[in-house]
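Chemist: My questions will all concern the structure given below.
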Amino acid sequence: MSPIQRQLQRLRHLVFAVLCALAPLAAATAAHATVEVNVNRGDVQPLPIAVPAFGGGQVGADIAQVISANLQRSGLFRPVDPASFVEKDLTAAVQPRFGDWKQINAQALVNGQVTVEGGRLRVDFRLWDVFAEQQLLGLQFTSSPENWRRVAHKISDAVYERLTGEKGYFDTRVVFVAESGARGKVIKRLAIMDQDGANPSYLTPGDSIVMTPRFSSNSQEITYMALRPDRSQIYLLNLESGRRESLGDFPGMVFAPRFSPDGGKVAFSVEKGGNSDIYVLNLQSRSSVRLTSDPAIDTSPSFSPDGSKIAFNSDRSGQPSLYVMNADGSNPHRIAFGGGRYTTPVWSPTGEFIAFTKQTGGEFHIGIMRPDGSDERLLTSSYLDEGPTWAPNGRVLMFSRETPGGPPKLWSVDVTGRILQPMPYPGSGSDPAWSPLLN
Amino acid sequence: MVRSLNSRTVIRLALVGAAAASLAACASKPKPTYPVQAPPTQAPHTELPPPTQGPVNQQPTGPLPGSSQDFVVNVGDRVYFDTDAYEVREDARPILDAQSAWLRRYPAVNVRIEGNCDERGTREYNLALGARRANAVRDYLVSHGVTAARIQTISYGKEQPLDSGSGEESWQKNRNAHTALVSGAR
């Protein structure tokens with residue numbers, strides 16, 4: 001099996017578009033590529049990559065721009081300044097003049113061509129290892145022309161995956177709570193945008209205080225909480241059909257909903273008589289089971305990706321800390337023992353880590369630890385950071401950050417803590433939830 | 001005791017006088033032209049007495065007993081809590097004692113106790129903490145003779161801060177339980 005075929009096998013889930021391999025133009029040997037990026041090294045030097053405007057007019061330039069911005073924001077790549085390019089008017093139909101790209105020290109090169117035929121957008125692109133003079137990837141996407149940004153995200157994911165060995169996370173969306181109005185009178189609306197901040201739109205009208213939207217890990221469905229003056233409710237919202245339904249009436253306040261990994265259940269808290277406990281609702285049978293009965297606060301349940309365990313937040317030891325139990329509620333045990341107050345555990349999609357919010361010394365931190373509580377690392381520190389959500393590849397977290405008196409803003413940080421930046425979305429937002437990769 | 005009249009009182013008295021004069025002048029017409037307060041539903045048939053002469057002493061009547069205003073002004077509708085705590089504090093007891101006495105006196109009133117938190121906690125934990133605070137107040141009122149069925153509780157977590165500032169003074173205000181009269185008040 002050639003390297004290209006192996007890539008194709010890895011990418012065969014990209015059923016979104018007609019997808020086929022382009023015949024390699026280069027007289028590529030089976031030699032191993034020299035270009036690779038290690039996502040685990042905290043001190044990694046970003047890989048210089050050239051992404052010249054794709055052929056085919058403005059949309060070609062726009063696609064290259066979106067790819068370049070995605071790769072740059074990952075922190076693992078450093079797009080080379082287009083002003084320094086020697087070879088101009090490169091197309092996907094000819095082999096690049098590698099010498100021209102070596103000269104500006106571009107280690108990798110992405111080039112492509114956009115054509116519109118019969119109302120369909122076709123994008124051919126190739127990824128090159130400049131110093132090995134070898135094609136690493138050649139793919140063709142077709143879609144409707146208005147979908148050009150998604151094509152750019154899929155190309156970004158393909159490049160990221162080929163060079164890092166990890167799945168990408170660019171063809172994803174983020175649901176969050178858009179906040180407007182003065183503090184104390186904030187209007188909260190569910191909103192959705194692409195992971196790069198493009199195409200924002202509202203999902204709810206702002207008639208109730210909406211909070212904590214969470215994606216199903218295998219579909220375009222979210223669950224969230226709405227608070228009214230006299231009651232709270234949790235809802236399911238299908239983003240494709242727009243259909244919204246309440247998960248029913250519970251004997252008390254209901255909050256903190258989150259899907260099981262197979263999407264068949266929702267775990268949440270019910271408060272009665274001042275005591276919050278964790279329940280799981282089977283979405284098909286609509287029957288719910290109580291998992292905790294401790295008189296302490298038990299909330300923020302989050303399933304492990306295999307569905308066998310649930311991490312949660314409890315103050316049964318005296319102050320809020322992190323616990324893990326089996327999915328049937330058995331064997332609850334504490335995993336966080338450092339000083340400070342731990343809340344909002346969120347299991348990573350790979351199962352590797354549990355992300356959390358921690359308060360110590362008057363500051364809030366986003367951190368990660370292994371599911372057994374070892375290897376705790378604090379990735380951020382500020383006046384108020386909270387509510388981490390994982391990118392589907394488990395390499396990047398998004399969260400909300402507030403300055404004293406300021407509105408919350410969305411930020412992201414990678415698991416090394418090195419790549420910390422505000423999201424490219426100008427508005428105010430909280431409670432982000434990162435979608436799985438789109439189909 | 002004669003209170004000195006401030007300018008607003010003088011103006012108000014002048015308006016009352018003018019209205020009375022106007023009513024007197026237009027006694028035969030079906031509608032007065034200058035009703036300040038609630039207009040009479042029927043035209044007056046008898047002549048009004050002449051406008052009052054000389055100074056009039058004015059005292060606020062105070063809120064109507066049994067009204068929401070009475071509860072807020074004369075009882076107090078909010079008690080405060082320590083950081084990450086939900087025990088009823090010493091300084092809250094007199095207020096809650098007065099709340100329970102008032103609620104026993106007006107048995108038609110139903111209340112909703114709304115627990116609130118400051119911003120120094122995460123969203124879901126604060127919803128649970130606010131619920132504890134609301135419930136602590138509910139338990140106190142019930143133990144002081146208020147029927148449990150008259151009380152509902154809810155937590156607003158950190159979603160409805162009373163004070164939008166950031167600092168201990170603001171946070172202290174935001175750690176509270178608010179007793180809202182939902183029905184039955186005058």
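Scheme for the structure tokens: letters A, B, ... for chains in order shown; per-chain residue numbers from 1; ligand numbers from 1 in order shown.
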With a cut-off of 12 Å and counting only C-alpha atoms, select all residues of chain B in contact with chain A and give the selection as a PyMOL selection string.

Modeler: chain B and resi 83-87+111-116+118-139+148+151-168+170-171+174+180-182

Chemist: Compile the contact shell of Glu376 (chain A) as a list in words: residues with an atom at most 12 Å away, counting only C-alpha atoms, same-chain residues fewer than 3 positions apart removed.

Modeler: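 Contacts, in chain order: Ile335, Ala336, Phe337, Gly338, Gly339, Tyr342, Phe353, Ile354, Ala355, Phe356, Thr357, Lys358, His365, Ile366, Gly367, Ile368, Met369, Arg370, Pro371, Asp372, Gly373, Leu379, Val415 and Thr416 of chain A.
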
Chemist: Mind giving me the straight-line distance from CA of Met193 (chain A) to CA of Gly206 (chain A) in Å, one decimal?

Modeler: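 These two atoms are separated by 17.1 Å.
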
Chemist: Determine which residues of region 202-414 of chain A receive a DSSP assignment of strand (DSSP E), computed from the backbone, and state them as a PyMOL selection string.

Modeler: chain A and resi 202+209-215+221-227+232-238+244-246+253-259+265-272+275-282+288-290+298-303+309-314+321-326+333-334+341-347+354-360+363-369+377-378+384-390+396-402+409-414

Chemist: Residues at most 12 Å from Asp97 (chain B), counting only C-alpha atoms, excluding those fewer than 6 positions away in the same chain, as a ChimeraX atom specification?

Modeler: /B:75-77,79,88,90-91,103-104,137-138,140-146

Chemist: Just want the 12 Å neighbourhood of Ile192 (chain A), counted on only C-alpha atoms, with same-chain residues fewer than 4 positions away dropped. Output as a ChimeraX atom specification.

Modeler: /A:172-178,196-204,213-215,220,222,239,425,429-435

Chemist: Those same residues - N, CA and C atoms - I'd like them written as a PDB file, in the first residue's frame.

Modeler:
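Output file out.pdb is given in full below:
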```pdb
ATOM      1  N   THR A 172     -15.439  21.893  12.165  1.00  0.00           N
ATOM      2  CA  THR A 172     -16.274  21.751  13.358  1.00  0.00           C
ATOM      3  C   THR A 172     -16.973  23.074  13.620  1.00  0.00           C
ATOM      4  N   ARG A 173     -17.945  23.019  14.505  1.00  0.00           N
ATOM      5  CA  ARG A 173     -18.638  24.236  14.905  1.00  0.00           C
ATOM      6  C   ARG A 173     -18.614  24.362  16.427  1.00  0.00           C
ATOM      7  N   VAL A 174     -18.983  25.514  16.886  1.00  0.00           N
ATOM      8  CA  VAL A 174     -19.014  25.774  18.325  1.00  0.00           C
ATOM      9  C   VAL A 174     -20.382  26.352  18.669  1.00  0.00           C
ATOM     10  N   VAL A 175     -21.058  25.724  19.624  1.00  0.00           N
ATOM     11  CA  VAL A 175     -22.268  26.318  20.190  1.00  0.00           C
ATOM     12  C   VAL A 175     -21.854  26.997  21.480  1.00  0.00           C
ATOM     13  N   PHE A 176     -22.387  28.176  21.725  1.00  0.00           N
ATOM     14  CA  PHE A 176     -22.006  28.906  22.929  1.00  0.00           C
ATOM     15  C   PHE A 176     -23.167  29.800  23.348  1.00  0.00           C
ATOM     16  N   VAL A 177     -22.989  30.491  24.468  1.00  0.00           N
ATOM     17  CA  VAL A 177     -24.011  31.413  24.948  1.00  0.00           C
ATOM     18  C   VAL A 177     -23.537  32.829  24.630  1.00  0.00           C
ATOM     19  N   ALA A 178     -24.234  33.476  23.710  1.00  0.00           N
ATOM     20  CA  ALA A 178     -23.905  34.855  23.344  1.00  0.00           C
ATOM     21  C   ALA A 178     -24.555  35.766  24.376  1.00  0.00           C
ATOM     22  N   ASP A 196     -13.740  28.774  13.486  1.00  0.00           N
ATOM     23  CA  ASP A 196     -12.877  29.938  13.265  1.00  0.00           C
ATOM     24  C   ASP A 196     -13.648  31.252  13.422  1.00  0.00           C
ATOM     25  N   GLY A 197     -14.846  31.188  14.006  1.00  0.00           N
ATOM     26  CA  GLY A 197     -15.595  32.408  14.297  1.00  0.00           C
ATOM     27  C   GLY A 197     -16.476  32.883  13.151  1.00  0.00           C
ATOM     28  N   ALA A 198     -16.407  32.202  12.004  1.00  0.00           N
ATOM     29  CA  ALA A 198     -17.222  32.618  10.854  1.00  0.00           C
ATOM     30  C   ALA A 198     -18.656  32.115  11.014  1.00  0.00           C
ATOM     31  N   ASN A 199     -19.561  32.722  10.273  1.00  0.00           N
ATOM     32  CA  ASN A 199     -20.974  32.311  10.197  1.00  0.00           C
ATOM     33  C   ASN A 199     -21.684  32.242  11.548  1.00  0.00           C
ATOM     34  N   PRO A 200     -21.533  33.249  12.423  1.00  0.00           N
ATOM     35  CA  PRO A 200     -22.269  33.170  13.685  1.00  0.00           C
ATOM     36  C   PRO A 200     -23.758  33.402  13.483  1.00  0.00           C
ATOM     37  N   SER A 201     -24.573  32.654  14.222  1.00  0.00           N
ATOM     38  CA  SER A 201     -26.013  32.910  14.188  1.00  0.00           C
ATOM     39  C   SER A 201     -26.644  32.457  15.501  1.00  0.00           C
ATOM     40  N   TYR A 202     -27.812  33.025  15.805  1.00  0.00           N
ATOM     41  CA  TYR A 202     -28.485  32.713  17.063  1.00  0.00           C
ATOM     42  C   TYR A 202     -29.411  31.512  16.903  1.00  0.00           C
ATOM     43  N   LEU A 203     -29.516  30.735  17.983  1.00  0.00           N
ATOM     44  CA  LEU A 203     -30.402  29.572  17.984  1.00  0.00           C
ATOM     45  C   LEU A 203     -31.623  29.765  18.877  1.00  0.00           C
ATOM     46  N   THR A 204     -31.550  30.672  19.849  1.00  0.00           N
ATOM     47  CA  THR A 204     -32.701  30.941  20.719  1.00  0.00           C
ATOM     48  C   THR A 204     -32.901  32.452  20.798  1.00  0.00           C
ATOM     49  N   PRO A 213     -24.803  24.684  26.956  1.00  0.00           N
ATOM     50  CA  PRO A 213     -25.086  23.776  25.842  1.00  0.00           C
ATOM     51  C   PRO A 213     -23.964  22.738  25.713  1.00  0.00           C
ATOM     52  N   ARG A 214     -24.323  21.508  25.355  1.00  0.00           N
ATOM     53  CA  ARG A 214     -23.325  20.454  25.129  1.00  0.00           C
ATOM     54  C   ARG A 214     -23.703  19.641  23.905  1.00  0.00           C
ATOM     55  N   PHE A 215     -22.685  19.339  23.098  1.00  0.00           N
ATOM     56  CA  PHE A 215     -22.899  18.541  21.896  1.00  0.00           C
ATOM     57  C   PHE A 215     -22.988  17.066  22.219  1.00  0.00           C
ATOM     58  N   GLN A 220     -25.368  16.053  15.368  1.00  0.00           N
ATOM     59  CA  GLN A 220     -25.494  17.503  15.464  1.00  0.00           C
ATOM     60  C   GLN A 220     -26.679  17.852  16.355  1.00  0.00           C
ATOM     61  N   ILE A 222     -27.710  19.132  20.454  1.00  0.00           N
ATOM     62  CA  ILE A 222     -27.190  19.664  21.710  1.00  0.00           C
ATOM     63  C   ILE A 222     -28.232  19.513  22.813  1.00  0.00           C
ATOM     64  N   LEU A 239     -29.755  20.493  15.626  1.00  0.00           N
ATOM     65  CA  LEU A 239     -29.303  21.663  14.868  1.00  0.00           C
ATOM     66  C   LEU A 239     -29.654  21.556  13.392  1.00  0.00           C
ATOM     67  N   TYR A 425     -13.563  35.587  17.371  1.00  0.00           N
ATOM     68  CA  TYR A 425     -14.973  35.971  17.378  1.00  0.00           C
ATOM     69  C   TYR A 425     -15.075  37.225  18.237  1.00  0.00           C
ATOM     70  N   GLY A 429     -19.088  35.846  24.765  1.00  0.00           N
ATOM     71  CA  GLY A 429     -19.648  34.494  24.790  1.00  0.00           C
ATOM     72  C   GLY A 429     -19.155  33.711  25.986  1.00  0.00           C
ATOM     73  N   SER A 430     -19.991  32.750  26.416  1.00  0.00           N
ATOM     74  CA  SER A 430     -19.619  31.876  27.528  1.00  0.00           C
ATOM     75  C   SER A 430     -20.089  30.464  27.215  1.00  0.00           C
ATOM     76  N   ASP A 431     -19.740  29.535  28.083  1.00  0.00           N
ATOM     77  CA  ASP A 431     -20.175  28.139  27.982  1.00  0.00           C
ATOM     78  C   ASP A 431     -20.009  27.546  26.567  1.00  0.00           C
ATOM     79  N   PRO A 432     -18.803  27.599  25.995  1.00  0.00           N
ATOM     80  CA  PRO A 432     -18.642  27.028  24.659  1.00  0.00           C
ATOM     81  C   PRO A 432     -18.768  25.505  24.669  1.00  0.00           C
ATOM     82  N   ALA A 433     -19.243  24.955  23.563  1.00  0.00           N
ATOM     83  CA  ALA A 433     -19.298  23.501  23.375  1.00  0.00           C
ATOM     84  C   ALA A 433     -18.822  23.207  21.965  1.00  0.00           C
ATOM     85  N   TRP A 434     -17.783  22.403  21.872  1.00  0.00           N
ATOM     86  CA  TRP A 434     -17.168  22.120  20.581  1.00  0.00           C
ATOM     87  C   TRP A 434     -17.848  20.907  19.965  1.00  0.00           C
ATOM     88  N   SER A 435     -18.183  20.993  18.690  1.00  0.00           N
ATOM     89  CA  SER A 435     -18.881  19.884  18.027  1.00  0.00           C
ATOM     90  C   SER A 435     -17.895  18.778  17.672  1.00  0.00           C
TER      91      SER A 435
END
```

Chemist: Need the shell around region 61-67 of chain B: protein/DNA/RNA residues with any atom at most 12 Å away, counting only C-alpha atoms. Skip same-chain ones fewer than 4 positions apart. Format as number ranges by chain?

Modeler: B: 71-75, 99, 101-110, 180-186

Chemist: Please identify all polymer residues within 9 Å of Ser348 (chain A), counting only C-alpha atoms, omitting same-chain residues fewer than 3 positions from it, and present them as a PyMOL selection string.

Modeler: chain A and resi 304-305+351-355+389-395

Chemist: How far is it from CA of Ile234 (chain A) to CA of Arg258 (chain A), in Å with one decimal?

Modeler: 10.0 Å

Chemist: Do you have the CA of Gly242 (chain A)-CA of Leu410 (chain A) distance handy?

Modeler: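 Going from CA of Gly242 (chain A) over to CA of Leu410 (chain A) covers 24.5 Å.
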
Chemist: Looking only at alpha helix (DSSP H) from DSSP on the backbone, list the matching residues of region 21-188 of chain A as a VMD selection string.

Modeler: chain A and resid 58 to 73 98 to 103 148 to 164
